[in-house]
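Dropping input.csv in here (CSV, C-alpha atoms):
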chain,number,residue,atom,x,y,z
A,61,MET,CA,-1.7,6.0,30.7
A,62,LYS,CA,1.9,7.1,31.4
A,63,MET,CA,3.0,3.5,31.2
A,64,LYS,CA,1.3,3.0,27.8
A,65,SER,CA,2.9,6.2,26.4
A,66,LYS,CA,6.3,4.9,27.6
A,67,ILE,CA,5.8,1.6,25.9
A,68,TYR,CA,4.7,3.3,22.7
A,69,THR,CA,7.7,5.5,22.8
A,70,PHE,CA,10.0,2.6,23.4
A,71,PHE,CA,8.7,0.7,20.4
A,72,ILE,CA,8.9,3.8,18.2
A,73,PHE,CA,12.6,4.3,19.1
A,74,LEU,CA,13.2,0.6,18.7
A,75,PHE,CA,11.8,0.7,15.2
A,76,LEU,CA,13.8,3.7,14.3
A,77,TYR,CA,17.2,2.8,15.8
A,78,ALA,CA,17.3,-1.1,15.8
A,79,PRO,CA,18.6,-1.2,12.2
A,80,ILE,CA,21.3,1.3,13.0
A,81,ILE,CA,22.3,-0.6,16.2
A,82,VAL,CA,22.5,-3.9,14.1
A,83,LEU,CA,24.6,-2.1,11.5
A,84,ILE,CA,27.1,-0.8,14.2
A,85,VAL,CA,27.3,-4.2,15.9
A,86,TYR,CA,28.1,-6.0,12.6
A,87,SER,CA,30.7,-3.5,11.6
A,88,PHE,CA,32.8,-5.2,14.4
A,89,ASN,CA,31.9,-8.7,13.3
A,90,ASP,CA,34.8,-11.0,12.4
A,91,THR,CA,32.8,-13.1,9.9
A,92,VAL,CA,34.5,-16.3,9.2
A,93,THR,CA,31.6,-18.2,7.5
A,94,GLY,CA,30.9,-15.6,4.9
A,95,SER,CA,27.5,-14.9,6.3
A,96,ARG,CA,27.0,-11.5,8.0
A,97,SER,CA,24.1,-13.0,10.1
A,98,VAL,CA,26.6,-15.1,12.1
A,99,TRP,CA,28.7,-13.5,14.8
A,100,GLY,CA,32.3,-14.5,14.3
A,101,GLY,CA,33.9,-12.5,17.1
A,102,PHE,CA,35.0,-8.9,17.6
A,103,THR,CA,37.3,-7.3,15.1
A,104,LEU,CA,38.5,-4.0,13.7
A,105,ARG,CA,39.7,-5.4,10.4
A,106,TRP,CA,36.8,-3.9,8.4
A,107,TYR,CA,37.8,-0.4,9.6
A,108,ARG,CA,41.4,-1.1,8.7
A,109,LYS,CA,40.4,-2.4,5.3
A,110,LEU,CA,38.2,0.6,4.8
A,111,PHE,CA,41.0,3.1,5.3
A,112,GLU,CA,43.3,1.0,3.1
A,113,ASP,CA,40.8,1.1,0.2
A,114,ARG,CA,42.0,3.8,-2.2
A,115,LEU,CA,38.7,4.1,-4.1
A,116,ILE,CA,36.7,4.6,-0.9
A,117,MET,CA,39.1,7.2,0.4
A,118,GLU,CA,38.9,9.1,-2.9
A,119,ALA,CA,35.1,9.0,-2.8
A,120,LEU,CA,35.3,10.2,0.9
A,121,ARG,CA,37.6,13.1,-0.1
A,122,ASN,CA,35.3,14.1,-2.9
A,123,SER,CA,32.3,14.1,-0.5
A,124,LEU,CA,34.1,16.1,2.1
A,125,ILE,CA,35.2,18.7,-0.4
A,126,ILE,CA,31.7,19.0,-1.8
A,127,ALA,CA,30.0,19.1,1.6
A,128,PHE,CA,32.4,21.8,3.1
A,129,SER,CA,32.2,23.9,-0.1
A,130,ALA,CA,28.4,23.6,-0.4
A,131,SER,CA,27.8,24.3,3.3
A,132,PHE,CA,30.2,27.3,3.3
A,133,PHE,CA,28.6,29.0,0.3
A,134,ALA,CA,25.1,28.0,1.1
A,135,THR,CA,25.5,29.5,4.6
A,136,ILE,CA,26.8,32.8,3.3
A,137,LEU,CA,24.2,33.1,0.6
A,138,GLY,CA,21.4,31.8,2.8
A,139,THR,CA,22.2,34.3,5.6
A,140,ILE,CA,22.2,37.2,3.1
A,141,ALA,CA,18.9,35.9,1.6
A,142,ALA,CA,17.3,35.5,5.1
A,143,ILE,CA,18.3,39.1,6.0
A,144,GLY,CA,16.8,40.3,2.7
A,145,ILE,CA,13.6,38.3,3.1
A,146,ASN,CA,13.2,39.5,6.7
A,147,SER,CA,13.3,43.1,5.6
A,148,MET,CA,10.6,42.7,2.9
A,149,LYS,CA,7.0,43.7,3.3
A,150,SER,CA,4.3,41.1,4.0
A,151,LEU,CA,3.4,40.2,0.5
A,152,GLY,CA,6.9,40.0,-0.8
A,153,ARG,CA,8.0,37.9,2.2
A,154,LYS,CA,5.2,35.4,1.5
A,155,ILE,CA,6.1,35.1,-2.1
A,156,MET,CA,9.8,34.6,-1.4
A,157,MET,CA,9.0,32.0,1.4
A,158,ASN,CA,7.0,30.0,-1.1
A,159,VAL,CA,9.9,30.2,-3.6
A,160,THR,CA,12.3,29.1,-0.8
A,161,ASN,CA,10.2,26.2,0.3
A,162,PHE,CA,9.6,24.8,-3.2
A,163,PRO,CA,13.0,23.0,-3.5
A,164,MET,CA,12.4,21.3,-0.2
A,165,VAL,CA,9.0,19.8,-1.2
A,166,ASN,CA,10.0,19.1,-4.9
A,167,PRO,CA,10.9,15.4,-5.5
A,168,GLU,CA,14.6,15.0,-5.5
A,169,ILE,CA,14.6,13.0,-8.7
A,170,VAL,CA,12.8,15.9,-10.4
A,171,THR,CA,15.4,18.3,-9.1
A,172,GLY,CA,18.3,16.0,-10.1
A,173,VAL,CA,17.0,15.5,-13.6
A,174,SER,CA,16.3,19.2,-14.2
A,175,MET,CA,19.8,20.2,-12.9
A,176,MET,CA,21.4,17.6,-15.1
A,177,LEU,CA,19.7,18.9,-18.1
A,178,LEU,CA,20.6,22.5,-17.2
A,179,PHE,CA,24.3,21.6,-16.6
A,180,VAL,CA,24.5,19.5,-19.8
A,181,PHE,CA,23.2,22.5,-21.7
A,182,ALA,CA,25.6,24.8,-19.9
A,183,VAL,CA,28.7,22.7,-20.4
A,184,SER,CA,27.9,22.1,-24.1
A,185,LEU,CA,28.5,25.9,-24.5
A,186,LEU,CA,31.9,25.6,-22.8
A,187,ASN,CA,33.7,23.6,-25.5
A,188,GLY,CA,33.0,20.0,-24.3
A,189,ARG,CA,33.6,20.3,-20.6
A,190,THR,CA,31.8,17.5,-18.7
A,191,LEU,CA,29.9,17.3,-15.4
A,192,GLY,CA,32.0,16.9,-12.3
A,193,MET,CA,33.0,18.5,-9.1
A,194,GLY,CA,31.9,22.0,-10.1
A,195,THR,CA,28.4,20.9,-11.0
A,196,LEU,CA,28.1,18.8,-7.9
A,197,ILE,CA,29.0,21.8,-5.7
A,198,MET,CA,26.5,24.0,-7.4
A,199,ALA,CA,23.7,21.4,-7.2
A,200,HIS,CA,24.4,20.9,-3.5
A,201,ILE,CA,24.4,24.6,-2.8
A,202,THR,CA,21.0,24.9,-4.5
A,203,PHE,CA,19.2,22.3,-2.3
A,204,CYS,CA,21.0,23.3,0.9
A,205,LEU,CA,20.1,27.0,0.6
A,206,PRO,CA,16.4,26.7,1.8
A,207,TYR,CA,17.5,25.0,5.0
A,208,VAL,CA,20.0,27.7,5.9
A,209,ILE,CA,17.4,30.4,5.2
A,210,LEU,CA,14.8,28.7,7.4
A,211,SER,CA,17.3,28.3,10.2
A,212,VAL,CA,18.4,32.0,10.1
A,213,LEU,CA,15.0,33.6,9.6
A,214,PRO,CA,13.5,32.7,13.1
A,215,LYS,CA,16.6,34.3,14.8
A,216,LEU,CA,16.1,37.5,12.8
A,217,ARG,CA,12.5,37.7,13.8
A,218,GLN,CA,13.4,37.2,17.5
A,219,MET,CA,15.9,40.0,17.4
A,220,ASP,CA,15.0,43.6,18.3
A,221,PRO,CA,14.9,45.5,15.0
A,222,ASN,CA,15.9,48.7,16.7
A,223,LEU,CA,19.3,47.3,17.8
A,224,TYR,CA,20.8,47.7,14.3
A,225,GLU,CA,19.7,51.4,14.0
A,226,ALA,CA,20.8,52.1,17.6
A,227,ALA,CA,24.3,50.9,16.8
A,228,GLN,CA,24.4,53.2,13.9
A,229,ASP,CA,23.2,56.1,16.0
A,230,LEU,CA,26.1,55.5,18.4
A,231,GLY,CA,28.6,55.8,15.6
A,232,CYS,CA,29.0,52.4,14.0
A,233,SER,CA,29.1,52.0,10.3
A,234,PRO,CA,26.4,49.7,8.6
A,235,PHE,CA,28.9,46.9,8.3
A,236,LYS,CA,30.2,47.2,11.8
A,237,SER,CA,26.6,47.4,13.1
A,238,PHE,CA,25.9,44.1,11.4
A,239,TRP,CA,29.1,42.5,12.5
A,240,LYS,CA,28.9,43.6,16.2
A,241,VAL,CA,25.1,43.5,16.7
A,242,VAL,CA,23.2,41.4,14.2
A,243,LEU,CA,25.6,38.6,13.6
A,244,PRO,CA,26.0,37.6,17.3
A,245,GLN,CA,22.2,37.5,17.6
A,246,ILE,CA,21.7,35.1,14.7
A,247,MET,CA,24.9,33.1,15.1
A,248,SER,CA,23.1,30.0,16.5
A,249,GLY,CA,20.8,30.0,13.5
A,250,ILE,CA,23.7,30.3,11.1
A,251,ILE,CA,25.5,27.3,12.9
A,252,THR,CA,22.4,25.2,12.7
A,253,GLY,CA,21.9,26.0,9.0
A,254,ALA,CA,25.5,25.2,8.2
A,255,THR,CA,25.3,21.9,10.1
A,256,MET,CA,22.1,20.9,8.3
A,257,ALA,CA,23.7,21.9,5.0
A,258,PHE,CA,26.8,19.8,5.7
A,259,THR,CA,24.8,16.7,6.7
A,260,LEU,CA,22.4,17.0,3.8
A,261,SER,CA,25.3,17.4,1.4
A,262,ILE,CA,27.5,14.6,2.6
A,263,ASP,CA,24.8,11.9,2.3
A,264,ASP,CA,22.9,13.1,-0.8
A,265,PHE,CA,22.6,10.4,-3.4
A,266,VAL,CA,19.7,11.2,-5.9
A,267,ILE,CA,20.8,14.7,-7.0
A,268,SER,CA,24.5,13.8,-6.9
A,269,TYR,CA,23.8,10.7,-9.1
A,270,PHE,CA,22.4,12.9,-11.9
A,271,THR,CA,24.9,15.8,-11.6
A,272,SER,CA,28.2,13.9,-10.8
A,273,GLY,CA,29.4,13.0,-14.3
A,274,THR,CA,32.6,11.0,-13.7
A,275,THR,CA,33.1,12.2,-10.1
A,276,GLN,CA,32.2,9.6,-7.4
A,277,THR,CA,30.9,10.7,-4.1
A,278,LEU,CA,30.6,8.4,-1.1
A,279,PRO,CA,26.9,7.6,-1.4
A,280,ILE,CA,27.3,6.9,-5.1
A,281,TYR,CA,30.3,4.6,-4.4
A,282,ILE,CA,28.3,2.7,-1.7
A,283,TYR,CA,25.5,2.2,-4.2
A,284,SER,CA,27.9,0.8,-6.8
A,285,MET,CA,29.3,-1.6,-4.1
A,286,THR,CA,25.9,-2.9,-3.1
A,287,ARG,CA,25.0,-3.6,-6.7
A,288,LYS,CA,28.0,-6.0,-6.9
A,289,ARG,CA,28.3,-7.5,-3.4
A,290,ILE,CA,27.5,-6.5,0.2
A,291,SER,CA,30.9,-6.0,1.8
A,292,PRO,CA,31.3,-5.7,5.6
A,293,GLU,CA,33.3,-2.5,4.8
A,294,ILE,CA,30.0,-0.8,4.1
A,295,ASN,CA,29.0,-1.5,7.7
A,296,ALA,CA,32.1,0.2,9.0
A,297,LEU,CA,31.7,3.1,6.6
A,298,SER,CA,28.1,3.6,7.5
A,299,THR,CA,28.9,3.5,11.2
A,300,LEU,CA,31.5,6.3,10.8
A,301,LEU,CA,29.1,8.4,8.8
A,302,PHE,CA,26.4,8.0,11.4
A,303,ALA,CA,28.9,8.9,14.1
A,304,VAL,CA,29.9,12.1,12.3
A,305,VAL,CA,26.3,13.2,11.7
A,306,LEU,CA,25.4,12.4,15.3
A,307,ILE,CA,28.3,14.5,16.6
A,308,LEU,CA,27.3,17.5,14.4
A,309,LEU,CA,23.7,17.3,15.5
A,310,LEU,CA,24.6,17.1,19.1
A,311,PHE,CA,26.9,20.1,18.6
A,312,ALA,CA,24.1,22.1,17.0
A,313,ASN,CA,21.6,21.2,19.8
A,314,PHE,CA,24.2,22.1,22.4
A,315,ARG,CA,24.7,25.5,20.8
A,316,GLN,CA,20.9,26.1,20.6
A,317,LYS,CA,20.5,25.3,24.3
A,318,LYS,CA,23.6,27.3,25.3
A,319,ALA,CA,22.6,30.5,23.5
A,320,PRO,CA,19.6,31.4,25.8
A,321,SER,CA,21.6,30.8,28.9
A,322,GLU,CA,24.5,33.0,27.6
A,323,LYS,CA,21.9,35.7,26.7
A,324,ALA,CA,20.4,35.5,30.2
A,325,ALA,CA,23.8,35.7,31.8
A,326,LYS,CA,24.7,38.8,29.8
A,327,GLY,CA,21.3,40.3,30.7
A,328,GLY,CA,22.1,39.8,34.4
A,329,GLU,CA,25.4,41.5,34.2
A,330,VAL,CA,25.6,45.0,35.7
Could you spell out this file's structure in structure tokens?
Amino acid sequence: MKMKSKIYTFFIFLFLYAPIIVLIVYSFNDTVTGSRSVWGGFTLRWYRKLFEDRLIMEALRNSLIIAFSASFFATILGTIAAIGINSMKSLGRKIMMNVTNFPMVNPEIVTGVSMMLLFVFAVSLLNGRTLGMGTLIMAHITFCLPYVILSVLPKLRQMDPNLYEAAQDLGCSPFKSFWKVVLPQIMSGIITGATMAFTLSIDDFVISYFTSGTTQTLPIYIYSMTRKRISPEINALSTLLFAVVLILLLFANFRQKKAPSEKAAKGGEV
């Protein structure tokens, strides 16, 4: 039985990661026949051409600006919202959780079209301004918020609610009590939410496509490249994106595993 489960697990992971492995391998393929299915030797020229492409670098810069901005503001707003939801009564909490979960289950194309219509109506009132970087950042903050809230809320529920009041009884101001007591307790959830917001933002295509206007993000640029021709530079670019997301996820998981051990070590201190 254990052997069967191991075989099933192997094939599941093979199915999930075989395309990514092929993508990574062929990003180093020195194709000389024009066919990407033929191995032409090891090379780094596609990575070199990637960093020499001005349009790709501009799209990457736009994606990084949007991802950092969206994750920063979504993390702040999501943390504040999570604290507010956690302090609500049962009925209010249930209503707010349903409102929070709706953008996650709503089809992205519906969210993208509705945001596009909202932004077009808004910019028409601002003397002809068009969609661009600002609308992209606002759209990304909107769909990243629920993930931050759902990452911070469990940490708030695990925390002793009396700690905040005890800190105030000992002379701390409300802000200092939050900064010294509450924030360290929920920091792992905040980091996880920020990481998820960044990864979701940097690879979003559907919502970005409808709200970008003349601004090109990396996923939109890759889509425009695949419509014309499949360039080996896409393999190199996709490999780098996969590596960045993998590093962020490993960092978030490391933080989650490290937090209980640190808490246990502090609890054992005399």
Checklist entry - In Å, with one decimal, what is the gap from atom CA of Leu243 of chain A to atom CA of Val165 of chain A? => result 29.1 Å
Next on the checklist: I'd like the contact shell of Ser284 of chain A - 12 Å cut-off, all atoms listed in the file, skipping same-chain residues fewer than 4 positions apart - returned as a count of residues only.
Outcome noted: 15
List every protein, DNA or RNA residue that has at least one atom no more than 6 Å from (19.0, 28.1, 12.4) in the file's coordinates, counting all atoms listed in the file, and write the result as a compact mmCIF listing (two decimals) with C-alpha atoms, keeping the file's coordinate frame.
# COMPACT_ATOMS: atom_id res chain seq x y z
CA SER A 211 17.30 28.30 10.20
CA VAL A 212 18.40 32.00 10.10
CA GLY A 249 20.80 30.00 13.50
CA ILE A 250 23.70 30.30 11.10
CA THR A 252 22.40 25.20 12.70
CA GLY A 253 21.90 26.00 9.00
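In this comparison, which uses only C-alpha atoms, the residue of A:Leu191, A:Ile125, A:Ala257, A:Ile143 approaching Arg217 of chain A most closely is A:Ile143.
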Item to check | Selection near Ile140 of chain A, 12 Å with all atoms listed in the file, sequence-local residues under 4 positions removed, as a PyMOL selection string | outcome: chain A and resi 133-136+144-147+205+208-209+212-213+216+238+242-243+246+250
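Using all atoms listed in the file, the smallest distance between any of A:Thr195, A:Gly138, A:Lys64, A:Val304 and Val183 of chain A comes from A:Thr195.
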Generate the coordinates of N, CA and C atoms for segment 205-233 of chain A; report them as a JSON list (two decimals), keeping the file's coordinate frame.
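That gives us selection10.json:
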[["chain", "number", "residue", "atom", "x", "y", "z"],
["A", 205, "LEU", "N", 20.45, 25.64, 0.32],
["A", 205, "LEU", "CA", 20.10, 27.00, 0.60],
["A", 205, "LEU", "C", 18.79, 27.19, 1.42],
["A", 206, "PRO", "N", 17.68, 26.52, 1.06],
["A", 206, "PRO", "CA", 16.40, 26.70, 1.80],
["A", 206, "PRO", "C", 16.57, 26.39, 3.29],
["A", 207, "TYR", "N", 17.37, 25.37, 3.61],
["A", 207, "TYR", "CA", 17.50, 25.00, 5.00],
["A", 207, "TYR", "C", 18.27, 26.01, 5.81],
["A", 208, "VAL", "N", 19.25, 26.65, 5.18],
["A", 208, "VAL", "CA", 20.00, 27.70, 5.90],
["A", 208, "VAL", "C", 19.04, 28.91, 6.08],
["A", 209, "ILE", "N", 18.29, 29.27, 5.06],
["A", 209, "ILE", "CA", 17.40, 30.40, 5.20],
["A", 209, "ILE", "C", 16.36, 30.17, 6.29],
["A", 210, "LEU", "N", 15.79, 28.98, 6.35],
["A", 210, "LEU", "CA", 14.80, 28.70, 7.40],
["A", 210, "LEU", "C", 15.37, 28.54, 8.76],
["A", 211, "SER", "N", 16.68, 28.35, 8.86],
["A", 211, "SER", "CA", 17.30, 28.30, 10.20],
["A", 211, "SER", "C", 17.67, 29.71, 10.67],
["A", 212, "VAL", "N", 17.99, 30.63, 9.75],
["A", 212, "VAL", "CA", 18.40, 32.00, 10.10],
["A", 212, "VAL", "C", 17.20, 32.89, 10.36],
["A", 213, "LEU", "N", 16.15, 32.73, 9.58],
["A", 213, "LEU", "CA", 15.00, 33.60, 9.60],
["A", 213, "LEU", "C", 14.36, 33.73, 11.04],
["A", 214, "PRO", "N", 14.14, 32.61, 11.76],
["A", 214, "PRO", "CA", 13.50, 32.70, 13.10],
["A", 214, "PRO", "C", 14.40, 33.58, 14.05],
["A", 215, "LYS", "N", 15.72, 33.49, 13.93],
["A", 215, "LYS", "CA", 16.60, 34.30, 14.80],
["A", 215, "LYS", "C", 16.50, 35.77, 14.45],
["A", 216, "LEU", "N", 16.32, 36.09, 13.18],
["A", 216, "LEU", "CA", 16.10, 37.50, 12.80],
["A", 216, "LEU", "C", 14.83, 38.04, 13.32],
["A", 217, "ARG", "N", 13.78, 37.21, 13.33],
["A", 217, "ARG", "CA", 12.50, 37.70, 13.80],
["A", 217, "ARG", "C", 12.48, 37.83, 15.34],
["A", 218, "GLN", "N", 13.32, 37.05, 16.03],
["A", 218, "GLN", "CA", 13.40, 37.20, 17.50],
["A", 218, "GLN", "C", 14.22, 38.39, 17.92],
["A", 219, "MET", "N", 15.04, 38.90, 17.03],
["A", 219, "MET", "CA", 15.90, 40.00, 17.40],
["A", 219, "MET", "C", 15.16, 41.33, 17.39],
["A", 220, "ASP", "N", 15.55, 42.22, 18.28],
["A", 220, "ASP", "CA", 15.00, 43.60, 18.30],
["A", 220, "ASP", "C", 15.41, 44.34, 17.09],
["A", 221, "PRO", "N", 14.49, 44.76, 16.22],
["A", 221, "PRO", "CA", 14.90, 45.50, 15.00],
["A", 221, "PRO", "C", 15.53, 46.82, 15.24],
["A", 222, "ASN", "N", 15.36, 47.34, 16.43],
["A", 222, "ASN", "CA", 15.90, 48.70, 16.70],
["A", 222, "ASN", "C", 17.40, 48.63, 17.10],
["A", 223, "LEU", "N", 17.93, 47.43, 17.37],
["A", 223, "LEU", "CA", 19.30, 47.30, 17.80],
["A", 223, "LEU", "C", 20.27, 47.78, 16.69],
["A", 224, "TYR", "N", 19.96, 47.38, 15.46],
["A", 224, "TYR", "CA", 20.80, 47.70, 14.30],
["A", 224, "TYR", "C", 20.88, 49.26, 14.14],
["A", 225, "GLU", "N", 19.72, 49.91, 14.20],
["A", 225, "GLU", "CA", 19.70, 51.40, 14.00],
["A", 225, "GLU", "C", 20.32, 52.07, 15.24],
["A", 226, "ALA", "N", 20.15, 51.50, 16.43],
["A", 226, "ALA", "CA", 20.80, 52.10, 17.60],
["A", 226, "ALA", "C", 22.28, 52.07, 17.54],
["A", 227, "ALA", "N", 22.83, 50.98, 17.00],
["A", 227, "ALA", "CA", 24.30, 50.90, 16.80],
["A", 227, "ALA", "C", 24.79, 51.95, 15.87],
["A", 228, "GLN", "N", 24.03, 52.21, 14.81],
["A", 228, "GLN", "CA", 24.40, 53.20, 13.90],
["A", 228, "GLN", "C", 24.32, 54.64, 14.48],
["A", 229, "ASP", "N", 23.31, 54.84, 15.31],
["A", 229, "ASP", "CA", 23.20, 56.10, 16.00],
["A", 229, "ASP", "C", 24.32, 56.40, 16.94],
["A", 230, "LEU", "N", 24.93, 55.31, 17.44],
["A", 230, "LEU", "CA", 26.10, 55.50, 18.40],
["A", 230, "LEU", "C", 27.40, 55.54, 17.64],
["A", 231, "GLY", "N", 27.35, 55.61, 16.31],
["A", 231, "GLY", "CA", 28.60, 55.80, 15.60],
["A", 231, "GLY", "C", 29.12, 54.68, 14.76],
["A", 232, "CYS", "N", 28.48, 53.53, 14.80],
["A", 232, "CYS", "CA", 29.00, 52.40, 14.00],
["A", 232, "CYS", "C", 28.56, 52.53, 12.55],
["A", 233, "SER", "N", 29.42, 52.02, 11.69],
["A", 233, "SER", "CA", 29.10, 52.00, 10.30],
["A", 233, "SER", "C", 28.09, 50.83, 10.05]]
